[in-house]
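Below is one structure, written out as structure tokens, with a few remarks after it.
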Amino acid sequence: MERKDMATERIAIIGGGPGGLMLARLLQRQGKCPVVLERDQHAQERPQGGSLDMHGETGQYAMERAGLREAFVAAARPEDQGDRLYNAEGTLLFDRNEPTDDRPEIDRSVLRQILLNSLAPGTVRWGRRITRIASEKGGFLVYGDGWSEQFDGVIGADGAWSCVRPLLSDAVPFYEGVTLVELGFDVARHPRISKLTGSGKMLAVGDNRALITQRNGYGHIRGYVGVRVAESVAREWGKWSGERVRQALRDAFAGWAPELRDVIETGEFIGARPLYALPVGHSWKSQAGLTLLGDAAHLMSPFSGEGVNLALADAVELADALTSVEDWSSVSRYEHIVCARATVAAEGAAQGLRSVFSSKGVEHVLGHYRARMRT
Ligand SMILES: Cc1cc2nc3c(=O)[nH]c(=O)nc-3n(C[C@H](O)[C@H](O)[C@H](O)COP(=O)(O)OP(=O)(O)OC[C@H]3O[C@@H](n4cnc5c(N)ncnc54)[C@H](O)[C@@H]3O)c2cc1C
């Protein structure tokens, strides 16, 4: 496709998550005026989730390219990169306090705020849930609740259940068989959980189940209780009270060490998150004016710790592609690069999930932790 004059081209980025906001920032730095259409009514509408470790070659590189390195360094927590591994009996098998790699943590809400602060006023249009996109006169009509607007290009940065993806691909996320129940703790009120967690993240692994706690900023710890349950059960949990879900978890973790079960007993219930993924190697036939980034392109479980990092790195590649040449072939090349890169991470995420939630217990995971220390 021949591209319009780059200065006047109208681009809609659907979704104001880390990937969409980073793309908007990078395009603005190159003189373009993208619009971000986000379904949330405002930035604080829902909890944004826990702490993220930012990898040098992807997440941190993107912050650098966006001119946001200083803001990132000021907010990041390099001191929270420790790792602990326990078995179900509560024996500490692995304890690393000193970081061996450069992956500082940052709260997801803080990262979002840095990106929002960097954008020109009015870039993000809140409360715009997109319901449909249709090709129209060489461009696209984007529909919301009772309104529509014409754009020259549409970028799907709208996460797991992207409304843009079906225009490019038949792939649908599948349930990976594991649900994480999310819990919150204040360090001041939960010193035992803080001691258990150590200086970063703790993982406790038993037969097909796991407990995770992770230090966040502002004196918080986020916990995840992971179990293999049917998708229908996970959906039911989504409707239950926190206390009822807690009872189901109590039964599943009976026999675990009391200091580990403390996580289930004392955490403030946040919600149940069934884990979904797109097929490993997901790709699509390039279509002029339309593309995907981040989870919309390559949803995977969090067990590779790559999701946000890839979304941010995708935004860098896509911003370069959208500004460097006058036709869509540079975006086709972008799609090829990000799909190939995500395939490696998605294989790692699927493998990570299988090894944590296995009947082999903790030994396999311990081998992985030790191997990481050697690299
Ligand atoms: C429990 C858990 C822990 C994780 N931990 C890590 C980690 O430690 N490190 C890491 O790198 N990754 C982690 N991830 C993965 C990470 O959260 C995602 O990969 C990342 O958020 C993807 O960013 P994104 O911008 O592509 O999509 P999202 O963050 O999903 O953002 C999409 C945005 O689009 C909006 N939206 C959706 N539909 C519409 C619509 N129809 N119209 C308008 N707006 C819409 C949403 O409201 C949202 O703001 C974790 C994921 C989970 C579930």
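Letters A, B, ... mark the chains of the structure tokens in the order given; residue numbers begin at 1 per chain; ligand numbers begin at 1, in order shown.
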Name the residues in contact with Thr58 of chain A at a cut-off of 12 Å, using only C-alpha atoms, excluding same-chain residues fewer than 4 positions from it; report them as a list in words.
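Non-adjacent residues within range: Gly19, Asp53, Met54, Ala62, Met63, Glu64, Arg65, Asp102, Arg103, Gly305, Glu306, Gly307, Val308, Asn309, Leu310, Ala311, Leu312, Ala313, Asp314, Ala315, Val316, Glu317, Val338, Arg341 and Ala342 of chain A.
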* To do: Would you mind listing what lies within 7 Å of Thr179 of chain A as JSON, numbers by chain, with only C-alpha atoms counted and same-chain residues fewer than 4 positions away left out?
  => {"A": [226, 227, 228, 229, 234, 272, 273, 274, 275]}
task = List all protein, DNA and RNA residues that have any atom at most 6 Å from ligand 1, counting only C-alpha atoms and all ligand atoms, and write the list as an NGL selection string.
result = :A and (14-20 or 37-40 or 52-53 or 128-131 or 157-160 or 162-163 or 294-296 or 302 or 305-309 or 311)
Surrounding residues of segment 279-282 of chain A excluding itself and chain neighbours under 3 positions, 9 Å, only C-alpha atoms, as a list in words: Ser169, Ala171, Val172, Pro173, Phe174, Ala297, His298, Leu299, Met300, Cys339, Ala340, Ala342, Thr343, Val344, Ala345, Ala346, Glu347 and Ala350 of chain A
How would the residues just picked look written out with N, CA and C atoms as a CSV table (one decimal), in the first residue's frame?
```csv
chain,number,residue,atom,x,y,z
A,169,SER,N,-6.1,-12.7,11.8
A,169,SER,CA,-5.7,-14.1,12.2
A,169,SER,C,-6.9,-14.8,12.8
A,171,ALA,N,-6.4,-17.2,15.0
A,171,ALA,CA,-6.0,-17.8,16.3
A,171,ALA,C,-6.7,-17.2,17.4
A,172,VAL,N,-7.1,-18.1,18.4
A,172,VAL,CA,-7.8,-17.7,19.6
A,172,VAL,C,-7.0,-18.2,20.8
A,173,PRO,N,-6.8,-17.4,21.8
A,173,PRO,CA,-6.1,-17.8,23.0
A,173,PRO,C,-6.7,-19.1,23.6
A,174,PHE,N,-5.8,-20.0,24.0
A,174,PHE,CA,-6.4,-21.3,24.7
A,174,PHE,C,-5.9,-21.2,26.2
A,297,ALA,N,-0.4,-9.8,19.8
A,297,ALA,CA,0.3,-10.5,18.8
A,297,ALA,C,0.9,-11.9,19.3
A,298,HIS,N,1.2,-11.9,20.6
A,298,HIS,CA,1.9,-13.1,21.1
A,298,HIS,C,1.7,-13.3,22.6
A,299,LEU,N,0.4,-13.5,22.9
A,299,LEU,CA,0.1,-13.8,24.3
A,299,LEU,C,0.7,-15.0,24.8
A,300,MET,N,1.4,-15.0,26.0
A,300,MET,CA,2.0,-16.2,26.6
A,300,MET,C,1.9,-16.1,28.1
A,339,CYS,N,7.4,-11.7,15.5
A,339,CYS,CA,6.8,-13.0,15.6
A,339,CYS,C,8.0,-14.0,15.9
A,340,ALA,N,9.1,-13.9,15.1
A,340,ALA,CA,10.2,-14.8,15.4
A,340,ALA,C,10.7,-14.7,16.8
A,342,ALA,N,9.2,-13.5,19.4
A,342,ALA,CA,8.2,-14.0,20.4
A,342,ALA,C,8.1,-15.5,20.5
A,343,THR,N,8.4,-16.2,19.4
A,343,THR,CA,8.3,-17.6,19.4
A,343,THR,C,9.3,-18.2,20.4
A,344,VAL,N,10.5,-17.7,20.4
A,344,VAL,CA,11.5,-18.2,21.4
A,344,VAL,C,11.0,-18.0,22.8
A,345,ALA,N,10.5,-16.8,23.1
A,345,ALA,CA,10.0,-16.5,24.5
A,345,ALA,C,8.8,-17.3,24.8
A,346,ALA,N,7.9,-17.5,23.8
A,346,ALA,CA,6.7,-18.3,24.1
A,346,ALA,C,7.0,-19.8,24.4
A,347,GLU,N,8.0,-20.3,23.7
A,347,GLU,CA,8.5,-21.7,24.0
A,347,GLU,C,9.0,-21.7,25.4
A,350,ALA,N,6.0,-21.5,27.9
A,350,ALA,CA,5.2,-22.8,27.9
A,350,ALA,C,6.0,-23.8,28.7
```
Residues within 12 Å of Asp95 of chain A, only C-alpha atoms, excluding chain neighbours under 5 positions, as a list in words: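 The residues satisfying every condition are Gln81, Gly82, Asp83, Arg84, Leu85, Tyr86, Leu196, Thr197, Gly198, Ser199, Gly200, Lys201, Met202, Leu203, Leu366, Tyr369, Arg370 and Met373 of chain A.
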Backbone DSSP call of helix (DSSP H, G or I) for segment 2-100 of chain A, listed as a PyMOL selection string: chain A and resi 18-29+56-65+69-75+78-80
ask   = Which of segment 93-238 of chain A counts as strand (DSSP E or B) under DSSP, as a ChimeraX atom specification please?
value = /A:93-96,105-107,124-125,132-136,139-144,147-151,153-156,174-186,200-206,209-215,220-228
7 Å contact set for Ala204 of chain A, only C-alpha atoms, chain neighbours under 4 positions out, as a list in words: Leu85, Tyr86, Asn87, Ala88, Ala210, Leu211 and Ile212 of chain A
Write out the residues from the selection above, keeping N, CA, C and O atoms, as a compact mmCIF listing (two decimals), in the first residue's frame.
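Output file result.txt follows:
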```txt
# COMPACT_ATOMS: atom_id res chain seq x y z
N LEU A 85 13.73 -20.22 46.34
CA LEU A 85 12.94 -21.39 45.95
C LEU A 85 12.77 -22.31 47.16
O LEU A 85 13.76 -22.65 47.83
N TYR A 86 11.53 -22.67 47.46
CA TYR A 86 11.22 -23.60 48.55
C TYR A 86 10.53 -24.84 47.99
O TYR A 86 9.88 -24.77 46.93
N ASN A 87 10.64 -25.96 48.74
CA ASN A 87 9.76 -27.08 48.42
C ASN A 87 8.50 -26.98 49.28
O ASN A 87 8.39 -26.06 50.12
N ALA A 88 7.56 -27.90 49.09
CA ALA A 88 6.27 -27.80 49.79
C ALA A 88 6.42 -27.97 51.30
O ALA A 88 5.55 -27.55 52.07
N ALA A 210 1.80 -24.29 43.03
CA ALA A 210 2.91 -23.39 43.39
C ALA A 210 2.39 -22.16 44.12
O ALA A 210 1.24 -21.75 43.94
N LEU A 211 3.25 -21.59 44.96
CA LEU A 211 2.98 -20.31 45.61
C LEU A 211 4.08 -19.34 45.18
O LEU A 211 5.25 -19.72 45.14
N ILE A 212 3.69 -18.12 44.89
CA ILE A 212 4.67 -17.09 44.51
C ILE A 212 4.38 -15.85 45.33
O ILE A 212 3.21 -15.46 45.49
```
Which residues are close to Gly49 of chain A, i.e. within 8 Å by only C-alpha atoms, leaving aside same-chain residues fewer than 2 positions away? Reply as a list in words. Pro47, Ser51, Asp107, Arg108 and Ser109 of chain A
What's the separation between atom CA of Leu23 of chain A and atom CA of Gly146 of chain A, in Å to one decimal place?
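Computing the Euclidean distance for atom CA of Leu23 of chain A and atom CA of Gly146 of chain A yields 26.9 Å.
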| said: I need the residue nearest Glu176 of chain A from this list: A:Ala12, A:Leu353, A:Leu249, A:Val36. Use only C-alpha atoms for the distance. | reply: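 That would be A:Leu353, the residue with the smallest distance to Glu176 of chain A.
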Near-Gln247 of chain A list (12 Å; only C-alpha atoms; drop same-chain fewer than 3 positions) as a list in words:
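After dropping sequence-adjacent residues, the list is Trp237, Trp240, Ser241, Gly242, Glu243, Arg244, Arg250, Asp251, Ala252, Phe253, Ala254, Arg261, Ile264, Glu265 and Phe269 of chain A.
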Between atom CA of His336 of chain A and atom CA of Gly348 of chain A lies a distance of 19.1 Å
